[in-house]
>>> print(open('input-v8.pdb').read())   # PDB, C-alpha atoms, pLDDT in the B column
ATOM      1  CA  MET W1077     -28.546   1.282 -52.016  1.00 46.00           C
ATOM      2  CA  ASP W1078     -29.919   2.861 -48.888  1.00 48.00           C
ATOM      3  CA  MET W1079     -27.870   5.837 -47.658  1.00 51.00           C
ATOM      4  CA  ASN W1080     -28.670   4.869 -44.066  1.00 57.00           C
ATOM      5  CA  PHE W1081     -25.937   2.228 -44.103  1.00 65.00           C
ATOM      6  CA  ASP W1082     -23.296   2.188 -41.382  1.00 82.00           C
ATOM      7  CA  VAL W1083     -20.627   4.517 -42.762  1.00 84.00           C
ATOM      8  CA  LYS W1084     -17.875   3.209 -40.467  1.00 88.00           C
ATOM      9  CA  ALA W1085     -18.605  -0.399 -41.413  1.00 91.00           C
ATOM     10  CA  LYS W1086     -18.700   0.507 -45.114  1.00 91.00           C
ATOM     11  CA  ILE W1087     -15.357   2.335 -44.822  1.00 92.00           C
ATOM     12  CA  GLU W1088     -13.805  -0.738 -43.151  1.00 92.00           C
ATOM     13  CA  GLU W1089     -15.164  -2.989 -45.894  1.00 94.00           C
ATOM     14  CA  LEU W1090     -13.918  -0.761 -48.725  1.00 95.00           C
ATOM     15  CA  VAL W1091     -10.486  -0.210 -47.123  1.00 94.00           C
ATOM     16  CA  GLU W1092     -10.061  -3.974 -46.891  1.00 93.00           C
ATOM     17  CA  LYS W1093     -10.934  -4.404 -50.583  1.00 94.00           C
ATOM     18  CA  ILE W1094      -8.643  -1.556 -51.650  1.00 93.00           C
ATOM     19  CA  GLN W1095      -5.687  -2.776 -49.548  1.00 91.00           C
ATOM     20  CA  LYS W1096      -5.898  -6.273 -51.061  1.00 92.00           C
ATOM     21  CA  ASP W1097      -5.895  -5.047 -54.668  1.00 94.00           C
ATOM     22  CA  PRO W1098      -2.966  -2.862 -55.859  1.00 92.00           C
ATOM     23  CA  ALA W1099      -4.783  -1.969 -59.107  1.00 95.00           C
ATOM     24  CA  LEU W1100      -7.828  -0.856 -57.128  1.00 95.00           C
ATOM     25  CA  LEU W1101      -5.612   1.185 -54.794  1.00 94.00           C
ATOM     26  CA  LYS W1102      -4.039   2.932 -57.768  1.00 94.00           C
ATOM     27  CA  ARG W1103      -7.497   3.651 -59.209  1.00 96.00           C
ATOM     28  CA  PHE W1104      -8.692   4.967 -55.835  1.00 95.00           C
ATOM     29  CA  GLN W1105      -5.672   7.263 -55.591  1.00 94.00           C
ATOM     30  CA  SER W1106      -6.289   8.730 -59.047  1.00 96.00           C
ATOM     31  CA  ASP W1107     -10.116   8.992 -58.874  1.00 96.00           C
ATOM     32  CA  PRO W1108     -11.461   8.207 -55.388  1.00 96.00           C
ATOM     33  CA  ILE W1109     -15.080   9.279 -56.007  1.00 95.00           C
ATOM     34  CA  LYS W1110     -15.546   7.146 -59.132  1.00 95.00           C
ATOM     35  CA  THR W1111     -13.767   4.197 -57.503  1.00 96.00           C
ATOM     36  CA  VAL W1112     -16.031   4.308 -54.424  1.00 95.00           C
ATOM     37  CA  GLU W1113     -19.101   4.638 -56.665  1.00 94.00           C
ATOM     38  CA  GLY W1114     -17.967   1.564 -58.571  1.00 94.00           C
ATOM     39  CA  LEU W1115     -17.350  -0.421 -55.380  1.00 94.00           C
ATOM     40  CA  LEU W1116     -20.748   0.547 -53.984  1.00 92.00           C
ATOM     41  CA  GLY W1117     -22.495  -0.035 -57.300  1.00 91.00           C
ATOM     42  CA  VAL W1118     -24.386   3.240 -57.072  1.00 85.00           C
ATOM     43  CA  ASP W1119     -24.175   6.675 -58.646  1.00 86.00           C
ATOM     44  CA  LEU W1120     -24.409   9.238 -55.878  1.00 86.00           C
ATOM     45  CA  PRO W1121     -23.650  12.964 -55.712  1.00 90.00           C
ATOM     46  CA  ASP W1122     -20.017  13.645 -54.817  1.00 90.00           C
ATOM     47  CA  GLU W1123     -20.988  15.306 -51.521  1.00 91.00           C
ATOM     48  CA  LYS W1124     -22.668  12.061 -50.392  1.00 88.00           C
ATOM     49  CA  LEU W1125     -19.530  10.062 -51.187  1.00 91.00           C
ATOM     50  CA  GLN W1126     -16.986  12.527 -49.797  1.00 93.00           C
ATOM     51  CA  PRO W1127     -17.293  11.335 -46.160  1.00 91.00           C
ATOM     52  CA  LEU W1128     -16.592   7.766 -47.318  1.00 92.00           C
ATOM     53  CA  VAL W1129     -13.638   8.872 -49.443  1.00 94.00           C
ATOM     54  CA  THR W1130     -12.221  10.917 -46.554  1.00 95.00           C
ATOM     55  CA  GLY W1131     -12.615   8.010 -44.152  1.00 93.00           C
ATOM     56  CA  ILE W1132     -11.005   5.566 -46.572  1.00 93.00           C
ATOM     57  CA  LYS W1133      -8.051   7.898 -47.176  1.00 94.00           C
ATOM     58  CA  ALA W1134      -7.561   8.300 -43.413  1.00 92.00           C
ATOM     59  CA  LYS W1135      -7.663   4.521 -42.841  1.00 91.00           C
ATOM     60  CA  LEU W1136      -5.245   3.876 -45.700  1.00 89.00           C
ATOM     61  CA  ALA W1137      -2.863   6.545 -44.371  1.00 88.00           C
ATOM     62  CA  ALA W1138      -3.088   5.113 -40.843  1.00 83.00           C
ATOM     63  CA  GLY W1139      -2.314   1.664 -42.248  1.00 77.00           C
ATOM     64  CA  ASP W1140       0.748   3.017 -44.031  1.00 69.00           C
ATOM     65  CA  ILE W1141       1.951   4.670 -40.830  1.00 63.00           C
ATOM     66  CA  GLY W1142       1.450   1.386 -38.972  1.00 62.00           C
ATOM     67  CA  ASN W1143       3.543  -0.431 -41.565  1.00 61.00           C
ATOM     68  CA  VAL W1144       6.305   2.181 -41.330  1.00 56.00           C
ATOM     69  CA  LEU W1145       6.326   2.047 -37.526  1.00 57.00           C
ATOM     70  CA  GLY W1146       6.374  -1.749 -37.630  1.00 58.00           C
ATOM     71  CA  GLY W1147       9.400  -1.576 -39.916  1.00 56.00           C
ATOM     72  CA  LEU W1148      11.148   0.860 -37.568  1.00 56.00           C
ATOM     73  CA  LYS W1149      10.636  -1.447 -34.579  1.00 60.00           C
ATOM     74  CA  LYS W1150      12.544  -4.147 -36.426  1.00 61.00           C
ATOM     75  CA  LEU W1151      15.563  -1.828 -36.674  1.00 57.00           C
ATOM     76  CA  PHE W1152      15.970  -1.694 -32.887  1.00 56.00           C
TER      77      PHE W1152
END
>>> encode(input="input-v8.pdb", output="structure tokens")
Amino acid sequence: MDMNFDVKAKIEELVEKIQKDPALLKRFQSDPIKTVEGLLGVDLPDEKLQPLVTGIKAKLAAGDIGNVLGGLKKLF
């Protein structure tokens, strides 16, 4: 795989896959680097994957916050 791919687009794609699959989410939470490597199908140095992992974690956290806020709106 070419490392010149669009990081933002790749993060979006991987977040979507992870959110749809609870087992994959659990695996990502326990070993994010290996999980991302598996999803990409490449073996890269951890420092190359870290920006993707960080972006995915941020997106997943933002999604959780959105779900919580959505639930709070229903209370009022």
>>> closest_residue(input="input-v8.pdb", among="W:Thr1111, W:Leu1125, W:Lys1086, W:Gly1117", to="Ala1099 of chain W", atoms="all atoms listed in the file")
W:Thr1111
>>> atom_distance(input="input-v8.pdb", atom1="atom CA of Gln1126 of chain W", atom2="atom CA of Gly1139 of chain W")
19.8 Å
>>> atom_distance(input="input-v8.pdb", atom1="atom CA of Asp1097 of chain W", atom2="atom CA of Val1118 of chain W")
20.4 Å
>>> atom_distance(input="input-v8.pdb", atom1="atom CA of Gln1095 of chain W", atom2="atom CA of Pro1121 of chain W")
24.7 Å
>>> residues_around(input="input-v8.pdb", residues="Lys1093 of chain W", least_positions_apart="3", cutoff="12 Å", atoms="all atoms listed in the file", output="ChimeraX atom specification")
/W:1086-1090,1096-1101,1104,1111-1112,1115-1116,1132,1136
>>> axis_aligned_box(input="input-v8.pdb", around="segment 1094-1104 of chain W", padding_each_side="6 Å", output="JSON")
{"center_x": -5.8, "center_y": -0.7, "center_z": -54.4, "size_x": 17.7, "size_y": 23.2, "size_z": 21.7}
>>> resolve_selection(input="input-v8.pdb", expression="the PyMOL selection byres ((chain W and resi 1124) around 12)", output="VMD selection string")
chain W and resid 1078 to 1080 1083 1109 1112 to 1113 1118 to 1123 1125 to 1130
>>> write_last_selection(input="input-v8.pdb", atoms="C-alpha atoms", output="compact mmCIF listing (two decimals), in the frame of the given file")
# COMPACT_ATOMS: atom_id res chain seq x y z
CA ASP W 1078 -29.92 2.86 -48.89
CA MET W 1079 -27.87 5.84 -47.66
CA ASN W 1080 -28.67 4.87 -44.07
CA VAL W 1083 -20.63 4.52 -42.76
CA ILE W 1109 -15.08 9.28 -56.01
CA VAL W 1112 -16.03 4.31 -54.42
CA GLU W 1113 -19.10 4.64 -56.66
CA VAL W 1118 -24.39 3.24 -57.07
CA ASP W 1119 -24.18 6.68 -58.65
CA LEU W 1120 -24.41 9.24 -55.88
CA PRO W 1121 -23.65 12.96 -55.71
CA ASP W 1122 -20.02 13.64 -54.82
CA GLU W 1123 -20.99 15.31 -51.52
CA LEU W 1125 -19.53 10.06 -51.19
CA GLN W 1126 -16.99 12.53 -49.80
CA PRO W 1127 -17.29 11.34 -46.16
CA LEU W 1128 -16.59 7.77 -47.32
CA VAL W 1129 -13.64 8.87 -49.44
CA THR W 1130 -12.22 10.92 -46.55
>>> build_atoms(input="input-v8.pdb", residues="segment 1118-1135 of chain W", atoms="N, CA and C atoms", output="compact mmCIF listing (two decimals), in the frame of the given file")
# COMPACT_ATOMS: atom_id res chain seq x y z
N VAL W 1118 -23.37 2.19 -57.00
CA VAL W 1118 -24.39 3.24 -57.07
C VAL W 1118 -23.77 4.53 -57.59
N ASP W 1119 -24.60 5.36 -58.17
CA ASP W 1119 -24.18 6.68 -58.65
C ASP W 1119 -24.78 7.71 -57.71
N LEU W 1120 -23.94 8.27 -56.86
CA LEU W 1120 -24.41 9.24 -55.88
C LEU W 1120 -23.72 10.57 -56.10
N PRO W 1121 -24.33 11.66 -55.63
CA PRO W 1121 -23.65 12.96 -55.71
C PRO W 1121 -22.33 12.92 -54.94
N ASP W 1122 -21.34 13.64 -55.44
CA ASP W 1122 -20.02 13.64 -54.82
C ASP W 1122 -20.07 13.98 -53.33
N GLU W 1123 -20.95 14.92 -52.93
CA GLU W 1123 -20.99 15.31 -51.52
C GLU W 1123 -21.49 14.16 -50.63
N LYS W 1124 -22.23 13.23 -51.17
CA LYS W 1124 -22.67 12.06 -50.39
C LYS W 1124 -21.52 11.07 -50.23
N LEU W 1125 -20.63 11.01 -51.21
CA LEU W 1125 -19.53 10.06 -51.19
C LEU W 1125 -18.30 10.61 -50.47
N GLN W 1126 -18.19 11.92 -50.37
CA GLN W 1126 -16.99 12.53 -49.80
C GLN W 1126 -16.65 12.02 -48.39
N PRO W 1127 -17.65 11.86 -47.49
CA PRO W 1127 -17.29 11.34 -46.16
C PRO W 1127 -16.67 9.93 -46.24
N LEU W 1128 -17.17 9.10 -47.14
CA LEU W 1128 -16.59 7.77 -47.32
C LEU W 1128 -15.17 7.87 -47.83
N VAL W 1129 -14.97 8.71 -48.85
CA VAL W 1129 -13.64 8.87 -49.44
C VAL W 1129 -12.66 9.38 -48.39
N THR W 1130 -13.07 10.36 -47.60
CA THR W 1130 -12.22 10.92 -46.55
C THR W 1130 -11.86 9.85 -45.52
N GLY W 1131 -12.85 9.08 -45.12
CA GLY W 1131 -12.62 8.01 -44.15
C GLY W 1131 -11.68 6.94 -44.69
N ILE W 1132 -11.86 6.58 -45.95
CA ILE W 1132 -11.00 5.57 -46.57
C ILE W 1132 -9.57 6.07 -46.66
N LYS W 1133 -9.40 7.33 -47.09
CA LYS W 1133 -8.05 7.90 -47.18
C LYS W 1133 -7.37 7.90 -45.81
N ALA W 1134 -8.12 8.26 -44.76
CA ALA W 1134 -7.56 8.30 -43.41
C ALA W 1134 -7.14 6.90 -42.96
N LYS W 1135 -7.99 5.90 -43.24
CA LYS W 1135 -7.66 4.52 -42.84
C LYS W 1135 -6.44 4.02 -43.60
